[in-house]
Amino acid sequence: MFKFKAYKFQIEDLGIVCLVLLLGLEWGLSMNWRQVHDLPILNYIAFLYNKFGVMPYKELFETSMPGPLLFHIMLTRIIGYSDLALRIFDLLYFVLIAIVSYKLFSKIDKRASLIGICFFGLYYLWEGHSMSLERDYLAILPIIVAFYFMEKGEKQFVSGFFWGIAFWIKPHLLIGLLPISVFYYSNFRILLKQKLVQFAIGFFLFISTILVWLIVNDALFSWWQIFTKYLPLHIKMPHNLVILESKDRWPYLWKGLSTFGQQSKWLFPLFVVMVMVIFAKYEKRAKHLVYLLISLVFVYWLYTAISGQFWKYHWMPFKYFLIMTAALIFSKKISYSFFGQFKFTKGLFLNYEMLLSGIYLIGLVVFSFFYVKPISTFDDQIRGVEVISEKNQLSDELTQLLIEHTKKEDKIQVLDWTEGSIQALLQAKRQIATAFMYDYVFYHQISNPYVLQLRSRFLKELSLSKPFWIIDMKTRIRVNGIGTTKQFIALDTFIAQNYKPFKETETYKIWVRR
């Protein structure tokens with residue numbers, strides 16, 4: 001699929017070698033990371049499907065699209081659920097992203113593409129283990145593979161197939177197809193005559209594969225209900241889970257966009273690259289590719305406002321294209337094309353190659369000092385200190401309690417979201433008692449008929465399953481604002497009548513069936 005040309009080593013490549021070594025070191029340090037936050041939830045959904053045949057959407061309420069769920073179902077069947085296996089897979093997945101990125105960006109400049117890959121990899125690790133294999137990060141690979149084949153103007157079946165994968169991760173990821181279609185309109189005119197059918201077949205092949213999976217498992221209607229009735233409510237929850245009035249929505253969205261995912265520092269090198277490319281006497285096709293990359297930075301910046309929650313992982317496609325494009329500031333081709341057209345610099349470029357290489361190397365070192373941060377646990381791990389998050393400690397504590405005081409056939413209900421109880425169920429291999437792994441869905445837009453229906457379904461399933469334990473996570477995030485509540489009187493009554501306290505700490509309370 002990919003062919004690599006020879007790479008000529010130069011003095012400035014010492015800086016790239018240092019970046020690669022730093023990236024390798026940090027990947028090595030990350031190999032003992034534990035899964036946390038969203039990853040154990042997705043793996044638990046896969047566990048329920050693989051072990052008990054629990055079908056997402058139909059028998060398990062879930063807001064994620066089918067793509068990530070099926071991905072984790074297949075992945076865990078192959079590698080299992082261990083932290084080390086997931087870390088190894090995470091590394092391999094990044095390597096795939098790096099390979100495709102190099103093939104795509106090396107059309108502009110090979111060295112700049114390597115620098116961008118290192119910068120992005122270091123940023124990804126800097127975000128910590130809560131970012132590992134998040135859905136928007138997973139989406140980067142199918143997007144750039146599809147982009148690569150569209151840029152080549154061949155094998156449009158493959159391009160369409162990978163855009164189909166991106167659609168089932170999150171439909172609005174297809175926003176990136178808009179600027180690509182515009183910039184490669186000449187190619188699309190050819191496609192309309194020869195290859196559009198290939199693209200459509202590839203796209204709808206993956207789309208239909210997921211639909212068949214849902215239909216065969218009698219889950220299509222349940223998924224459609226969640227997608228059309230609950231997700232519109234879900235996206236009204238901002239990242240701080242404070243529901244806003246309609247008049248406050250637009251100011252909130254603009255405020256969220258204006259943060260640029262806390263990576264606004266990359267806008268300066270991006271601006272410099274844009275100016276140099278606009279005025280440089282540069283190869284036309286490569287120049288158009290840079291314009292396209294800049295437009296992808298823009299559309300995936302807007303992408304974060306579609307869901308309107310601005311959680312860290314929602315920014316990943318934007319940050320990928322931002323960092324990779326900003327790294328083109330280290331493209332000697334672009335720099336020489338820009339500065340070489342001025343009389344006072346033209347001779348400098350021709351006669352002082354070694355000096356310029358030294359300046360390039362120093363610039364890379366200085367830039368890296370300001371733009372690259374090590375992972376937050378870097379110092380502790382270098383000293384050999386074991387690093388474990390509070391959520392992992394809590395999930396381990398609950399896991400031990402589950403193993404010691406419950407049987408494998410006992411069903412457990414949790415009142416949680418991402419605080420660790422779901423991970424404990426995964427580690428202890430216990431089945432959840434109802435279709436609801438998290439309870440925040442019961443406390444916002446409480447006058448909405450669909451939310452009332454979810455509340456009723458939850459109580460009915462609790463009454464039928466009679467879970468052995470109910471684990472109430474006191475530290476779980478609560479929704480606030482207009483149309484929310486912190487009360488669920490019918491649930492409290494059910495627990496009081498049928499359960500008694502088993503254990504209580506500052507972070508959780510366990511109820512055991514009477």
# chains A, B, ... in the order shown; residues from 1 in each chain; ligands from 1
>>> closest_atom_pairs(of="stretch 398-484 of chain A", to="stretch 62-70 of chain A", cutoff="12 Å", atoms="only C-alpha atoms", output="tab-separated table")
residue	atom	partner	partner_atom	distance
A:Trp417	CA	A:Glu62	CA	11.7
A:Ala435	CA	A:Glu62	CA	8.7
A:Phe436	CA	A:Glu62	CA	8.0
A:Met437	CA	A:Glu62	CA	8.4
A:Tyr438	CA	A:Glu62	CA	9.2
A:Asp439	CA	A:Glu62	CA	11.4
A:Val441	CA	A:Thr63	CA	10.2
>>> write_last_selection(atoms="C-alpha atoms", output="short mmCIF file (atom, residue, chain, number, x, y, z; two decimals), in the first residue's frame")
data_model
loop_
_atom_site.label_atom_id
_atom_site.label_comp_id
_atom_site.auth_asym_id
_atom_site.auth_seq_id
_atom_site.Cartn_x
_atom_site.Cartn_y
_atom_site.Cartn_z
CA TRP A 417 -20.67 7.52 35.24
CA ALA A 435 -29.59 -1.61 30.85
CA PHE A 436 -28.15 1.48 32.55
CA MET A 437 -24.46 1.75 33.41
CA TYR A 438 -24.77 5.44 34.30
CA ASP A 439 -27.57 7.35 35.91
CA VAL A 441 -29.60 10.35 32.05
#
>>> closest_residue(among="A:Lys284, A:Lys466, A:Arg476, A:Arg457", to="A:Tyr499", atoms="only C-alpha atoms")
A:Lys466
>>> residues_around(residues="stretch 216-231 of chain A", least_positions_apart="4", cutoff="6 Å", atoms="only C-alpha atoms", output="list in words")
Tyr57, Lys58 and Val212 of chain A
>>> select_by_dssp(residues="stretch 379-501 of chain A", states="strand (DSSP E or B)", output="PyMOL selection string")
chain A and resi 411-415+431-432+444+469-473+480-481+484+499-501
>>> write_last_selection(atoms="N, CA and C atoms", output="mmCIF file, in the first residue's frame")
data_model
loop_
_atom_site.group_PDB
_atom_site.id
_atom_site.type_symbol
_atom_site.label_atom_id
_atom_site.label_comp_id
_atom_site.auth_asym_id
_atom_site.auth_seq_id
_atom_site.Cartn_x
_atom_site.Cartn_y
_atom_site.Cartn_z
ATOM 1 N N LYS A 411 -25.839 -10.295 40.022
ATOM 2 C CA LYS A 411 -25.886 -9.088 39.202
ATOM 3 C C LYS A 411 -25.766 -7.860 40.102
ATOM 4 N N ILE A 412 -25.063 -6.868 39.583
ATOM 5 C CA ILE A 412 -24.758 -5.661 40.361
ATOM 6 C C ILE A 412 -25.262 -4.442 39.613
ATOM 7 N N GLN A 413 -25.829 -3.494 40.350
ATOM 8 C CA GLN A 413 -26.223 -2.227 39.739
ATOM 9 C C GLN A 413 -25.340 -1.104 40.271
ATOM 10 N N VAL A 414 -24.865 -0.249 39.384
ATOM 11 C CA VAL A 414 -24.065 0.899 39.812
ATOM 12 C C VAL A 414 -24.822 2.178 39.500
ATOM 13 N N LEU A 415 -24.629 3.175 40.341
ATOM 14 C CA LEU A 415 -25.133 4.529 40.117
ATOM 15 C C LEU A 415 -23.889 5.396 39.947
ATOM 16 N N GLN A 431 -21.840 -8.987 35.982
ATOM 17 C CA GLN A 431 -22.797 -8.438 35.025
ATOM 18 C C GLN A 431 -23.656 -7.368 35.678
ATOM 19 N N ILE A 432 -23.893 -6.302 34.957
ATOM 20 C CA ILE A 432 -24.748 -5.242 35.468
ATOM 21 C C ILE A 432 -26.197 -5.710 35.436
ATOM 22 N N HIS A 444 -31.590 15.070 33.946
ATOM 23 C CA HIS A 444 -31.659 16.302 33.157
ATOM 24 C C HIS A 444 -32.828 16.223 32.183
ATOM 25 N N TRP A 469 -26.188 -6.289 44.756
ATOM 26 C CA TRP A 469 -25.622 -5.049 45.281
ATOM 27 C C TRP A 469 -26.080 -3.873 44.437
ATOM 28 N N ILE A 470 -26.208 -2.727 45.072
ATOM 29 C CA ILE A 470 -26.317 -1.439 44.386
ATOM 30 C C ILE A 470 -25.168 -0.574 44.899
ATOM 31 N N ILE A 471 -24.304 -0.155 43.991
ATOM 32 C CA ILE A 471 -23.145 0.658 44.359
ATOM 33 C C ILE A 471 -23.428 2.107 43.978
ATOM 34 N N ASP A 472 -23.535 2.945 44.974
ATOM 35 C CA ASP A 472 -23.818 4.371 44.777
ATOM 36 C C ASP A 472 -22.508 5.149 44.901
ATOM 37 N N MET A 473 -22.037 5.702 43.780
ATOM 38 C CA MET A 473 -20.782 6.466 43.784
ATOM 39 C C MET A 473 -21.086 7.911 44.169
ATOM 40 N N ASN A 480 -26.545 19.961 36.479
ATOM 41 C CA ASN A 480 -27.137 21.113 37.154
ATOM 42 C C ASN A 480 -27.789 22.007 36.112
ATOM 43 N N GLY A 481 -28.487 23.019 36.600
ATOM 44 C CA GLY A 481 -29.061 24.002 35.690
ATOM 45 C C GLY A 481 -30.531 23.777 35.405
ATOM 46 N N THR A 484 -33.135 20.346 35.511
ATOM 47 C CA THR A 484 -32.440 19.221 36.138
ATOM 48 C C THR A 484 -32.948 19.017 37.563
ATOM 49 N N TYR A 499 -33.274 -2.888 50.339
ATOM 50 C CA TYR A 499 -31.828 -3.014 50.560
ATOM 51 C C TYR A 499 -31.435 -2.433 51.905
ATOM 52 N N LYS A 500 -30.293 -2.875 52.386
ATOM 53 C CA LYS A 500 -29.726 -2.332 53.608
ATOM 54 C C LYS A 500 -28.263 -1.991 53.368
ATOM 55 N N PRO A 501 -27.703 -1.040 54.120
ATOM 56 C CA PRO A 501 -26.303 -0.649 53.906
ATOM 57 C C PRO A 501 -25.351 -1.809 54.167
#
>>> select_by_dssp(residues="stretch 135-273 of chain A", states="alpha helix (DSSP H)", output="PyMOL selection string")
chain A and resi 135-138+140-152+156-169+177-183+185-190+196-216+220-225+231-234+249-257+267-273
>>> residues_around(residues="A:Asp136", least_positions_apart="5", cutoff="7 Å", atoms="only C-alpha atoms", output="number ranges by chain")
A: 313-314, 316-317
>>> write_last_selection(atoms="all heavy atoms", output="compact mmCIF listing (two decimals), in the first residue's frame")
# COMPACT_ATOMS: atom_id res chain seq x y z
N TYR A 313 -11.18 15.19 24.48
CA TYR A 313 -10.98 14.30 23.34
C TYR A 313 -11.72 14.77 22.09
O TYR A 313 -11.39 14.36 20.98
CB TYR A 313 -11.37 12.86 23.69
CG TYR A 313 -12.79 12.64 24.12
CD1 TYR A 313 -13.78 12.38 23.18
CD2 TYR A 313 -13.15 12.64 25.46
CE1 TYR A 313 -15.09 12.16 23.57
CE2 TYR A 313 -14.46 12.42 25.86
CZ TYR A 313 -15.44 12.19 24.91
OH TYR A 313 -16.73 11.97 25.30
N HIS A 314 -12.72 15.65 22.26
CA HIS A 314 -13.41 16.18 21.09
C HIS A 314 -12.48 17.03 20.21
O HIS A 314 -12.73 17.22 19.02
CB HIS A 314 -14.59 17.05 21.52
CG HIS A 314 -15.71 16.27 22.13
ND1 HIS A 314 -16.76 16.86 22.80
CD2 HIS A 314 -15.96 14.94 22.16
CE1 HIS A 314 -17.60 15.93 23.23
NE2 HIS A 314 -17.13 14.75 22.85
N MET A 316 -9.37 16.30 19.43
CA MET A 316 -8.25 15.55 18.87
C MET A 316 -8.07 15.69 17.36
O MET A 316 -6.95 15.90 16.89
CB MET A 316 -8.35 14.07 19.27
CG MET A 316 -8.04 13.79 20.73
SD MET A 316 -6.44 14.43 21.27
CE MET A 316 -5.34 13.30 20.46
N PRO A 317 -9.13 15.58 16.52
CA PRO A 317 -8.90 15.81 15.09
C PRO A 317 -8.38 17.20 14.79
O PRO A 317 -7.47 17.38 13.95
CB PRO A 317 -10.29 15.59 14.47
CG PRO A 317 -11.00 14.71 15.45
CD PRO A 317 -10.51 15.16 16.79
>>> residues_around(residues="A:Phe162", least_positions_apart="2", cutoff="7 Å", atoms="only C-alpha atoms", output="PyMOL selection string")
chain A and resi 142-143+145-146+158-160+164-166
>>> write_last_selection(atoms="all heavy atoms", output="PDB file, in the first residue's frame")
ATOM      1  N   PRO A 142      -8.731   6.539  10.246  1.00  0.00           N
ATOM      2  CA  PRO A 142      -9.546   6.406   9.032  1.00  0.00           C
ATOM      3  C   PRO A 142      -9.650   7.690   8.226  1.00  0.00           C
ATOM      4  O   PRO A 142      -9.706   7.650   6.994  1.00  0.00           O
ATOM      5  CB  PRO A 142     -10.915   5.954   9.556  1.00  0.00           C
ATOM      6  CG  PRO A 142     -10.916   6.252  11.013  1.00  0.00           C
ATOM      7  CD  PRO A 142      -9.491   6.160  11.456  1.00  0.00           C
ATOM      8  N   ILE A 143      -9.654   8.849   8.907  1.00  0.00           N
ATOM      9  CA  ILE A 143      -9.746  10.121   8.179  1.00  0.00           C
ATOM     10  C   ILE A 143      -8.523  10.331   7.307  1.00  0.00           C
ATOM     11  O   ILE A 143      -8.626  10.676   6.121  1.00  0.00           O
ATOM     12  CB  ILE A 143      -9.915  11.295   9.162  1.00  0.00           C
ATOM     13  CG1 ILE A 143     -11.305  11.277   9.790  1.00  0.00           C
ATOM     14  CG2 ILE A 143      -9.700  12.636   8.445  1.00  0.00           C
ATOM     15  CD1 ILE A 143     -11.496  12.289  10.898  1.00  0.00           C
ATOM     16  N   VAL A 145      -6.282   8.080   6.284  1.00  0.00           N
ATOM     17  CA  VAL A 145      -6.164   7.045   5.242  1.00  0.00           C
ATOM     18  C   VAL A 145      -7.067   7.404   4.065  1.00  0.00           C
ATOM     19  O   VAL A 145      -6.644   7.344   2.894  1.00  0.00           O
ATOM     20  CB  VAL A 145      -6.520   5.652   5.797  1.00  0.00           C
ATOM     21  CG1 VAL A 145      -6.633   4.641   4.656  1.00  0.00           C
ATOM     22  CG2 VAL A 145      -5.462   5.183   6.790  1.00  0.00           C
ATOM     23  N   ALA A 146      -8.313   7.796   4.361  1.00  0.00           N
ATOM     24  CA  ALA A 146      -9.237   8.215   3.297  1.00  0.00           C
ATOM     25  C   ALA A 146      -8.684   9.428   2.565  1.00  0.00           C
ATOM     26  O   ALA A 146      -8.732   9.506   1.325  1.00  0.00           O
ATOM     27  CB  ALA A 146     -10.605   8.530   3.896  1.00  0.00           C
ATOM     28  N   VAL A 158     -11.390   2.314  -1.363  1.00  0.00           N
ATOM     29  CA  VAL A 158     -10.743   2.341  -0.044  1.00  0.00           C
ATOM     30  C   VAL A 158     -11.054   3.647   0.671  1.00  0.00           C
ATOM     31  O   VAL A 158     -11.374   3.668   1.871  1.00  0.00           O
ATOM     32  CB  VAL A 158      -9.225   2.136  -0.181  1.00  0.00           C
ATOM     33  CG1 VAL A 158      -8.550   2.213   1.188  1.00  0.00           C
ATOM     34  CG2 VAL A 158      -8.916   0.809  -0.855  1.00  0.00           C
ATOM     35  N   SER A 159     -10.972   4.751  -0.060  1.00  0.00           N
ATOM     36  CA  SER A 159     -11.265   6.058   0.534  1.00  0.00           C
ATOM     37  C   SER A 159     -12.693   6.103   1.060  1.00  0.00           C
ATOM     38  O   SER A 159     -12.947   6.532   2.196  1.00  0.00           O
ATOM     39  CB  SER A 159     -11.045   7.156  -0.503  1.00  0.00           C
ATOM     40  OG  SER A 159     -11.332   8.421   0.049  1.00  0.00           O
ATOM     41  N   GLY A 160     -13.651   5.653   0.246  1.00  0.00           N
ATOM     42  CA  GLY A 160     -15.044   5.642   0.683  1.00  0.00           C
ATOM     43  C   GLY A 160     -15.268   4.751   1.885  1.00  0.00           C
ATOM     44  O   GLY A 160     -16.026   5.093   2.797  1.00  0.00           O
ATOM     45  N   GLY A 164     -16.584   5.804   5.596  1.00  0.00           N
ATOM     46  CA  GLY A 164     -17.692   5.095   6.241  1.00  0.00           C
ATOM     47  C   GLY A 164     -17.360   4.743   7.682  1.00  0.00           C
ATOM     48  O   GLY A 164     -18.215   4.845   8.568  1.00  0.00           O
ATOM     49  N   ILE A 165     -16.104   4.333   7.925  1.00  0.00           N
ATOM     50  CA  ILE A 165     -15.670   4.045   9.298  1.00  0.00           C
ATOM     51  C   ILE A 165     -15.772   5.303  10.152  1.00  0.00           C
ATOM     52  O   ILE A 165     -16.270   5.273  11.285  1.00  0.00           O
ATOM     53  CB  ILE A 165     -14.230   3.499   9.301  1.00  0.00           C
ATOM     54  CG1 ILE A 165     -14.180   2.120   8.627  1.00  0.00           C
ATOM     55  CG2 ILE A 165     -13.682   3.414  10.730  1.00  0.00           C
ATOM     56  CD1 ILE A 165     -12.781   1.566   8.478  1.00  0.00           C
ATOM     57  N   ALA A 166     -15.282   6.435   9.603  1.00  0.00           N
ATOM     58  CA  ALA A 166     -15.344   7.701  10.347  1.00  0.00           C
ATOM     59  C   ALA A 166     -16.787   8.070  10.672  1.00  0.00           C
ATOM     60  O   ALA A 166     -17.086   8.548  11.778  1.00  0.00           O
ATOM     61  CB  ALA A 166     -14.680   8.808   9.530  1.00  0.00           C
TER      62      ALA A 166
END
>>> closest_residue(among="A:Asn32, A:Thr259, A:Ser246, A:Ser337", to="A:Lys281", atoms="only C-alpha atoms")
A:Ser337
>>> residues_around(residues="stretch 287-298 of chain A", least_positions_apart="2", cutoff="10 Å", atoms="only C-alpha atoms", output="PyMOL selection string")
chain A and resi 104-105+107-108+151+175-184+270-271+273-274+277-278+280-285+300-303+317-326+328+334
>>> residues_around(residues="A:Arg77", least_positions_apart="6", cutoff="12 Å", atoms="only C-alpha atoms", output="PyMOL selection string")
chain A and resi 43+46-51+70-71+85
>>> write_last_selection(atoms="all heavy atoms", output="PDB file, in the first residue's frame")
ATOM      1  N   ASN A  43     -14.775  -1.031  27.084  1.00  0.00           N
ATOM      2  CA  ASN A  43     -14.349  -2.428  27.217  1.00  0.00           C
ATOM      3  C   ASN A  43     -15.380  -3.254  27.987  1.00  0.00           C
ATOM      4  O   ASN A  43     -15.549  -4.453  27.714  1.00  0.00           O
ATOM      5  CB  ASN A  43     -12.991  -2.502  27.911  1.00  0.00           C
ATOM      6  CG  ASN A  43     -11.856  -2.087  26.989  1.00  0.00           C
ATOM      7  OD1 ASN A  43     -11.951  -2.203  25.775  1.00  0.00           O
ATOM      8  ND2 ASN A  43     -10.773  -1.587  27.569  1.00  0.00           N
ATOM      9  N   ALA A  46     -18.038  -4.222  25.642  1.00  0.00           N
ATOM     10  CA  ALA A  46     -17.541  -5.353  24.843  1.00  0.00           C
ATOM     11  C   ALA A  46     -17.587  -6.646  25.647  1.00  0.00           C
ATOM     12  O   ALA A  46     -17.966  -7.708  25.124  1.00  0.00           O
ATOM     13  CB  ALA A  46     -16.110  -5.067  24.380  1.00  0.00           C
ATOM     14  N   PHE A  47     -17.225  -6.573  26.928  1.00  0.00           N
ATOM     15  CA  PHE A  47     -17.253  -7.746  27.808  1.00  0.00           C
ATOM     16  C   PHE A  47     -18.669  -8.298  27.936  1.00  0.00           C
ATOM     17  O   PHE A  47     -18.894  -9.512  27.837  1.00  0.00           O
ATOM     18  CB  PHE A  47     -16.696  -7.374  29.183  1.00  0.00           C
ATOM     19  CG  PHE A  47     -16.964  -8.392  30.255  1.00  0.00           C
ATOM     20  CD1 PHE A  47     -16.245  -9.568  30.318  1.00  0.00           C
ATOM     21  CD2 PHE A  47     -17.953  -8.158  31.205  1.00  0.00           C
ATOM     22  CE1 PHE A  47     -16.505 -10.512  31.302  1.00  0.00           C
ATOM     23  CE2 PHE A  47     -18.215  -9.088  32.201  1.00  0.00           C
ATOM     24  CZ  PHE A  47     -17.484 -10.273  32.252  1.00  0.00           C
ATOM     25  N   LEU A  48     -19.642  -7.412  28.146  1.00  0.00           N
ATOM     26  CA  LEU A  48     -21.032  -7.857  28.281  1.00  0.00           C
ATOM     27  C   LEU A  48     -21.523  -8.539  27.002  1.00  0.00           C
ATOM     28  O   LEU A  48     -22.249  -9.533  27.058  1.00  0.00           O
ATOM     29  CB  LEU A  48     -21.934  -6.666  28.607  1.00  0.00           C
ATOM     30  CG  LEU A  48     -21.768  -6.033  29.997  1.00  0.00           C
ATOM     31  CD1 LEU A  48     -22.641  -4.795  30.123  1.00  0.00           C
ATOM     32  CD2 LEU A  48     -22.086  -7.029  31.104  1.00  0.00           C
ATOM     33  N   TYR A  49     -21.115  -8.008  25.862  1.00  0.00           N
ATOM     34  CA  TYR A  49     -21.521  -8.600  24.589  1.00  0.00           C
ATOM     35  C   TYR A  49     -20.831  -9.943  24.368  1.00  0.00           C
ATOM     36  O   TYR A  49     -21.468 -10.929  23.995  1.00  0.00           O
ATOM     37  CB  TYR A  49     -21.188  -7.633  23.453  1.00  0.00           C
ATOM     38  CG  TYR A  49     -21.604  -8.133  22.083  1.00  0.00           C
ATOM     39  CD1 TYR A  49     -22.891  -7.916  21.607  1.00  0.00           C
ATOM     40  CD2 TYR A  49     -20.704  -8.810  21.266  1.00  0.00           C
ATOM     41  CE1 TYR A  49     -23.282  -8.368  20.353  1.00  0.00           C
ATOM     42  CE2 TYR A  49     -21.086  -9.271  20.002  1.00  0.00           C
ATOM     43  CZ  TYR A  49     -22.367  -9.037  19.555  1.00  0.00           C
ATOM     44  OH  TYR A  49     -22.749  -9.498  18.311  1.00  0.00           O
ATOM     45  N   ASN A  50     -19.518  -9.973  24.612  1.00  0.00           N
ATOM     46  CA  ASN A  50     -18.740 -11.195  24.352  1.00  0.00           C
ATOM     47  C   ASN A  50     -19.053 -12.316  25.343  1.00  0.00           C
ATOM     48  O   ASN A  50     -19.084 -13.491  24.970  1.00  0.00           O
ATOM     49  CB  ASN A  50     -17.246 -10.885  24.397  1.00  0.00           C
ATOM     50  CG  ASN A  50     -16.798  -9.993  23.248  1.00  0.00           C
ATOM     51  OD1 ASN A  50     -17.393 -10.007  22.175  1.00  0.00           O
ATOM     52  ND2 ASN A  50     -15.759  -9.211  23.468  1.00  0.00           N
ATOM     53  N   LYS A  51     -19.296 -11.944  26.610  1.00  0.00           N
ATOM     54  CA  LYS A  51     -19.491 -12.943  27.661  1.00  0.00           C
ATOM     55  C   LYS A  51     -20.952 -13.346  27.836  1.00  0.00           C
ATOM     56  O   LYS A  51     -21.276 -14.536  27.958  1.00  0.00           O
ATOM     57  CB  LYS A  51     -18.947 -12.385  28.981  1.00  0.00           C
ATOM     58  CG  LYS A  51     -19.128 -13.288  30.189  1.00  0.00           C
ATOM     59  CD  LYS A  51     -18.200 -14.484  30.171  1.00  0.00           C
ATOM     60  CE  LYS A  51     -18.306 -15.265  31.477  1.00  0.00           C
ATOM     61  NZ  LYS A  51     -17.425 -16.460  31.458  1.00  0.00           N
ATOM     62  N   LEU A  70     -18.324  -1.764  18.248  1.00  0.00           N
ATOM     63  CA  LEU A  70     -17.934  -2.949  17.490  1.00  0.00           C
ATOM     64  C   LEU A  70     -16.419  -3.075  17.437  1.00  0.00           C
ATOM     65  O   LEU A  70     -15.866  -4.182  17.478  1.00  0.00           O
ATOM     66  CB  LEU A  70     -18.507  -2.872  16.078  1.00  0.00           C
ATOM     67  CG  LEU A  70     -18.525  -4.180  15.271  1.00  0.00           C
ATOM     68  CD1 LEU A  70     -19.262  -5.271  16.037  1.00  0.00           C
ATOM     69  CD2 LEU A  70     -19.189  -3.954  13.915  1.00  0.00           C
ATOM     70  N   PHE A  71     -15.735  -1.938  17.383  1.00  0.00           N
ATOM     71  CA  PHE A  71     -14.264  -1.936  17.414  1.00  0.00           C
ATOM     72  C   PHE A  71     -13.746  -2.586  18.693  1.00  0.00           C
ATOM     73  O   PHE A  71     -12.874  -3.449  18.664  1.00  0.00           O
ATOM     74  CB  PHE A  71     -13.748  -0.498  17.297  1.00  0.00           C
ATOM     75  CG  PHE A  71     -12.274  -0.343  17.544  1.00  0.00           C
ATOM     76  CD1 PHE A  71     -11.358  -0.600  16.543  1.00  0.00           C
ATOM     77  CD2 PHE A  71     -11.802   0.069  18.788  1.00  0.00           C
ATOM     78  CE1 PHE A  71      -9.998  -0.460  16.773  1.00  0.00           C
ATOM     79  CE2 PHE A  71     -10.450   0.212  19.027  1.00  0.00           C
ATOM     80  CZ  PHE A  71      -9.544  -0.059  18.013  1.00  0.00           C
ATOM     81  N   ALA A  85      -1.997  -5.181  27.370  1.00  0.00           N
ATOM     82  CA  ALA A  85      -2.396  -5.464  25.988  1.00  0.00           C
ATOM     83  C   ALA A  85      -2.949  -4.214  25.319  1.00  0.00           C
ATOM     84  O   ALA A  85      -2.664  -3.934  24.146  1.00  0.00           O
ATOM     85  CB  ALA A  85      -3.425  -6.589  25.960  1.00  0.00           C
TER      86      ALA A  85
END
>>> atom_distance(atom1="atom CA of A:Ile422", atom2="atom CA of A:Met74")
19.8 Å
>>> atom_distance(atom1="atom CA of A:Ile446", atom2="atom CA of A:Asn240")
18.3 Å
>>> closest_residue(among="A:Leu22, A:Trp126, A:Lys170, A:Ser264", to="A:Lys373", atoms="only C-alpha atoms")
A:Trp126
>>> atom_distance(atom1="atom CA of A:Gln445", atom2="atom CA of A:Gly483")
4.8 Å
